[in-house]
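The structure under discussion appears below in the form of structure tokens.
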Amino acid sequence: MNDSEPVDSTLSASPTDGNSIDSVRSILLAQERERICQLEEQLTALQQQSAALQQHSNTLQSSIHDIQAELDRLRHGDELMNRITPMMSNMIGKTIRESPEAMAEALGPVMGEAIRVQIRDARIDMVDALYPIVGSTVQRAVSEFAREFQRNIDARLKSTFGAQGFTRTLKARLRGVSPAELALRDSLPFSMREVFLIQRESGLLLAHIHPGSESATDSDLIGGMLTAIRDFVRDSFGQGQREKELDEVQYGDQRIIIQSGQHAYLAVVINGIESEGFRAKLHDFISELHVEHGIALRDYNGDAATLPDLPPKLTALVGGITVEKVGAPAPLSRNQKFGIAAASLITVLIVGVMCFYLQFTIALFPIAFPAPTHTPTLTSTPTPTFTPTPTATPTLTPTPTVTPTRTPTPTPTFTVTPTPTPSNKAITTGNVWMQSSLDAGAVSIAAIPKDSNVTVIATSGLWAQVEWDSDRGTRRGWVLLEWVKMLR
Amino acid sequence: MSVIQKKICLLGDFAVGKTSLVRRFVEDRFDDKYLSTIGVKISRKTMARGYGTLNLLVWDLAGGDNFDSGSSYLRGTSGAVIVCDLTRHETLSAFERYAAQVRAVNPGSPLVFVGNKVDLVEARAITDAELQTVCAALNGSFLLASAKTGEQVEETFLALAEQLELH
């Protein structure tokens with residue numbers, strides 16, 4: 001055998017050689033085979049994982065799809081509100097229970113705006129919601145007012161029949177209102193809460209009282225601010241004229257009544273309806289204060305020691321006004337006193353005249369209504385008759401007959417003819433009225449009973465002037481001639 | 001112990017710091033927000049003095065060019081603090097006008113001049129010499145104060161109080 005030729009081991013190998021090759025091959029490729037096996041295992045595991053991931057992905061995709069559908073539903077409907085509302089309610093309820101202050105602080109700023117919006121958008125609903133609260137509050141206030149009003153009315157009624165009641169009735173009549181109306185007005189609630197006396201120029205407080213109530217104000221600052229407001233109003237609306245000043249400020253049910261003096265002014269905080277003459281009393285007070293302490297008020301420079309004791313004066317002012325409002329009558333003014341005096345005088349005159357006529361009527365009563373007679377006529381109406389002239393005119397030439405003189409007219413001529421007959425005694429033929437004169441407006445001055453003796457003084461037409469001696473003296477007047485019969 | 005009350009007024013142009021000075025003096029606090037005073041704002045500060053108590057009623061008047069319309073607020077004033085802004089030179093020139101207004105109403109009333117905002121050193125536009133010149137001409141003293149830091153605020157009103165007691 002040649003060592004230099006290559007040996008084809010494959011061709012020349014025996015079956016035993018094949019096993020060897022396989023053995024060698026297995027030895028040589030063992031690692032690779034092991035590696036392949038591992039890779040195959042890994043591949044299998046990866047395939048399994050992939051399948052699992054695919055399955056998970058499908059599941060997630062399905063979930064995402066569901067969520068997407070859910071979101072779409074929530075986004076386009078009230079579902080979101082329905083879901084969140086129970087949670088919100090629970091959360092708010094829990095917060096309110098655990099920390100109410102924090103909740104109030106958080107909601108406070110928006111409450112006003114929320115209410116305003118709600119009133120704007122649903123006014124009726126808000127009214128319905130608030131009515132039970134507001135209604136009861138108003139009812140309570142009205143009831144309180146009514147009770148106070150009733151108390152005042154009762155107090156007034158108690159004094160109706162006394163001197164105060166009479167004075168009030170008289171005052172009411174003089175003012176042209178009924179006593180009830182005056183009593184009603186005086187019974188309206190009224191109170192003075194605070195009284196400030198303030199120096200006019202500087203606004204410095206001179207005195208301050210607060211009857212019947214706690215003073216919740218810083219009186220020094222109130223004095224200054226009131227003065228500033230007065231100055232502002234005068235400068236803005238009064239063209240700076242001193243005589244044009246602010247005299248009242250109203251806020252709610254309270255008013256500040258301002259009464260100015262030369263160097264100081266009063267500011268009275270009141271509730272209700274002030275009594276009549278209230279301002280006049282303030283004016284009188286401030287005037288008298290200036291008369292007494294004008295220099296001190298003017299020269300006040302902030303040192304309280306230079307001022308008189310002013311609070312008692314303010315207290316007296318308040319006391320006087322309050323007492324009067326409660327029950328005592330106000331002192332009458334000069335005009336009122338004059339009116340009352342005039343009314344009293346007129347009343348006395350009327351009563352006097354009435355007494356005179358009453359006495360006269362009583363005196364004439366038995367004459368005017370004597371015992372019943374058969375002569376029922378008493379008339380002053382002249383009847384148109386032909387009356388013969390009862391006076392015979394003496395003539396020098398005797399005439400066989402006396403021609404009766406016909407009275408041409410029934411109208412009296414008022415020419416009095418003296419009766420020259422020696423006997424002018426006569427007698428009344430019936431109950432007859434005696435008139436004072438023959439004028440149309442003459443009045444009856446006496447009623448002469450029948451068969452009374454009279455003296456005829458003169459005649460005029462159908463009338464005769466007679467004198468009659470009555471029980472009350474001699475009366476002279478005119479009667480119809482037809483009721484007079486001359487005595488021969 | 002007696003109690004004395006006095007009315008004093010604070011005058012000066014817009015935004016010189018009058019209200020801030022009063023707030024620092026009365027309430028000892030400062031607020032950066034600027035709200036223009038409308039009309040007048042009245043505050044009270046009680047000061048313990050040797051003779052008793054001094055109640056200062058401080059009328060903080062709105063600043064402005066048309067101050068004539070507010071001159072009625074000056075009636076009855078015992079003294080005044082006139083304020084300028086040290087960072088705005090034009091506020092110093094108004095001193096003379098305000099001093100004349102006060103003395104027209106109450107001749108001889110003590111005046112204290114204040115340069116406010118002394119803490120704003122970089123922005124300062126009015127010198128001490130200028131202030132000295134103007135205030136001397138108006139026969140008054142001046143202080144440099146800061147409502148923001150509280151510097152010389154109490155001293156300003158104390159100076160006026162002392163002059164009121166001498167007056």
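Residues in the structure tokens are named by chain (A, B, ... in the order shown) and by number from 1 within that chain; ligands are numbered from 1 in the order shown.
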
* Name all residues at most 9 Å from B:Gly115 (count only C-alpha atoms; drop same-chain ones fewer than 2 positions away) and give them as an MDAnalysis selection string. => chainID B and resid 16 82:86 92 113 117:118 126 131 142:146

* To do: Find the residues of chain A in contact range of chain B, meaning any atom within 9 Å when counting only C-alpha atoms, and list them as a ChimeraX atom specification.
  => /A:199-205,220-221,224-225,227-228,231-232,235-236,240,301-305

* Asked: Any idea what's packed within 8 Å of B:Ala62, counting only C-alpha atoms, ignoring anything in its chain fewer than 2 positions away? Could you give it as number ranges by chain?
  -> B: 11, 14, 36-40, 60, 64

* To do: Run DSSP on the backbone of this structure and report the residues of chain B it assigns to strand (DSSP E), as a ChimeraX atom specification.
  => /B:2-12,40-49,52-61,79-85,111-116,141-144

* **For B:Gly108: contacts at 12 Å, only C-alpha atoms, fewer than 2 positions along chain excluded, given as a PyMOL selection string** => chain B and resi 77-80+99-106+110-111+138-140+163-164+166-167

* So which residues touch A:Lys244 within 10 Å, counting only C-alpha atoms, skipping near sequence neighbours fewer than 6 positions away, as a count of residues only? -> 6

* **A:Leu266 surroundings by only C-alpha atoms, 10 Å radius, close-in-sequence under 3 positions cut, as a ChimeraX atom specification** => /A:195-200,206-208,247,256-261,269,282-283,285-286,314

Keeping only C-alpha atoms, take the residues you just selected and write them out as a PDB file, in the first residue's frame.
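Resulting contents of part_25.pdb:
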```pdb
ATOM      1  CA  VAL A 195     -79.302 109.500  71.154  1.00  0.00           C
ATOM      2  CA  PHE A 196     -76.130 111.256  70.044  1.00  0.00           C
ATOM      3  CA  LEU A 197     -75.233 114.845  70.731  1.00  0.00           C
ATOM      4  CA  ILE A 198     -72.491 115.834  68.303  1.00  0.00           C
ATOM      5  CA  GLN A 199     -70.489 118.982  67.814  1.00  0.00           C
ATOM      6  CA  ARG A 200     -71.490 120.339  64.488  1.00  0.00           C
ATOM      7  CA  LEU A 206     -70.490 115.456  73.103  1.00  0.00           C
ATOM      8  CA  ALA A 207     -72.793 112.927  74.729  1.00  0.00           C
ATOM      9  CA  HIS A 208     -74.394 109.615  73.954  1.00  0.00           C
ATOM     10  CA  ASP A 247     -82.403 115.755  58.635  1.00  0.00           C
ATOM     11  CA  ILE A 256     -81.855 108.524  62.395  1.00  0.00           C
ATOM     12  CA  ILE A 257     -83.647 111.774  63.063  1.00  0.00           C
ATOM     13  CA  ILE A 258     -81.265 114.718  62.975  1.00  0.00           C
ATOM     14  CA  GLN A 259     -82.070 118.025  64.624  1.00  0.00           C
ATOM     15  CA  SER A 260     -79.493 120.739  64.150  1.00  0.00           C
ATOM     16  CA  GLY A 261     -78.539 123.551  66.414  1.00  0.00           C
ATOM     17  CA  VAL A 269     -82.016 106.515  66.328  1.00  0.00           C
ATOM     18  CA  LEU A 282     -86.084 117.846  69.678  1.00  0.00           C
ATOM     19  CA  HIS A 283     -85.945 121.372  68.336  1.00  0.00           C
ATOM     20  CA  PHE A 285     -84.397 120.690  73.442  1.00  0.00           C
ATOM     21  CA  ILE A 286     -81.518 121.676  71.198  1.00  0.00           C
ATOM     22  CA  LEU A 314     -80.556 113.504  77.088  1.00  0.00           C
TER      23      LEU A 314
END
```

Leaving out A:Asn271 and any residue of its chain fewer than 3 positions from it, which residues lie within 7 Å of it when counting only C-alpha atoms, given as an mmCIF file with N, CA and C atoms, in the first residue's frame?
```
data_model
loop_
_atom_site.group_PDB
_atom_site.id
_atom_site.type_symbol
_atom_site.label_atom_id
_atom_site.label_comp_id
_atom_site.auth_asym_id
_atom_site.auth_seq_id
_atom_site.Cartn_x
_atom_site.Cartn_y
_atom_site.Cartn_z
ATOM 1 N N PHE A 190 -93.181 102.571 69.034
ATOM 2 C CA PHE A 190 -92.146 103.592 68.883
ATOM 3 C C PHE A 190 -91.124 103.403 69.988
ATOM 4 N N SER A 191 -89.874 103.486 69.637
ATOM 5 C CA SER A 191 -88.839 103.431 70.668
ATOM 6 C C SER A 191 -87.634 104.226 70.195
ATOM 7 N N MET A 192 -86.920 104.776 71.153
ATOM 8 C CA MET A 192 -85.694 105.512 70.861
ATOM 9 C C MET A 192 -84.531 104.631 71.277
ATOM 10 N N ASP A 253 -85.708 99.205 59.226
ATOM 11 C CA ASP A 253 -86.833 99.722 60.006
ATOM 12 C C ASP A 253 -86.383 100.763 61.015
ATOM 13 N N GLN A 254 -85.157 101.215 60.895
ATOM 14 C CA GLN A 254 -84.660 102.234 61.816
ATOM 15 C C GLN A 254 -84.426 103.539 61.061
ATOM 16 N N ARG A 255 -84.571 104.606 61.805
ATOM 17 C CA ARG A 255 -84.310 105.914 61.223
ATOM 18 C C ARG A 255 -83.447 106.729 62.172
#
```

* **Distance in Å - atom CA of B:Glu90 versus atom CA of B:Arg29** =>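 Between atom CA of B:Glu90 and atom CA of B:Arg29 the gap works out to 27.1 Å.
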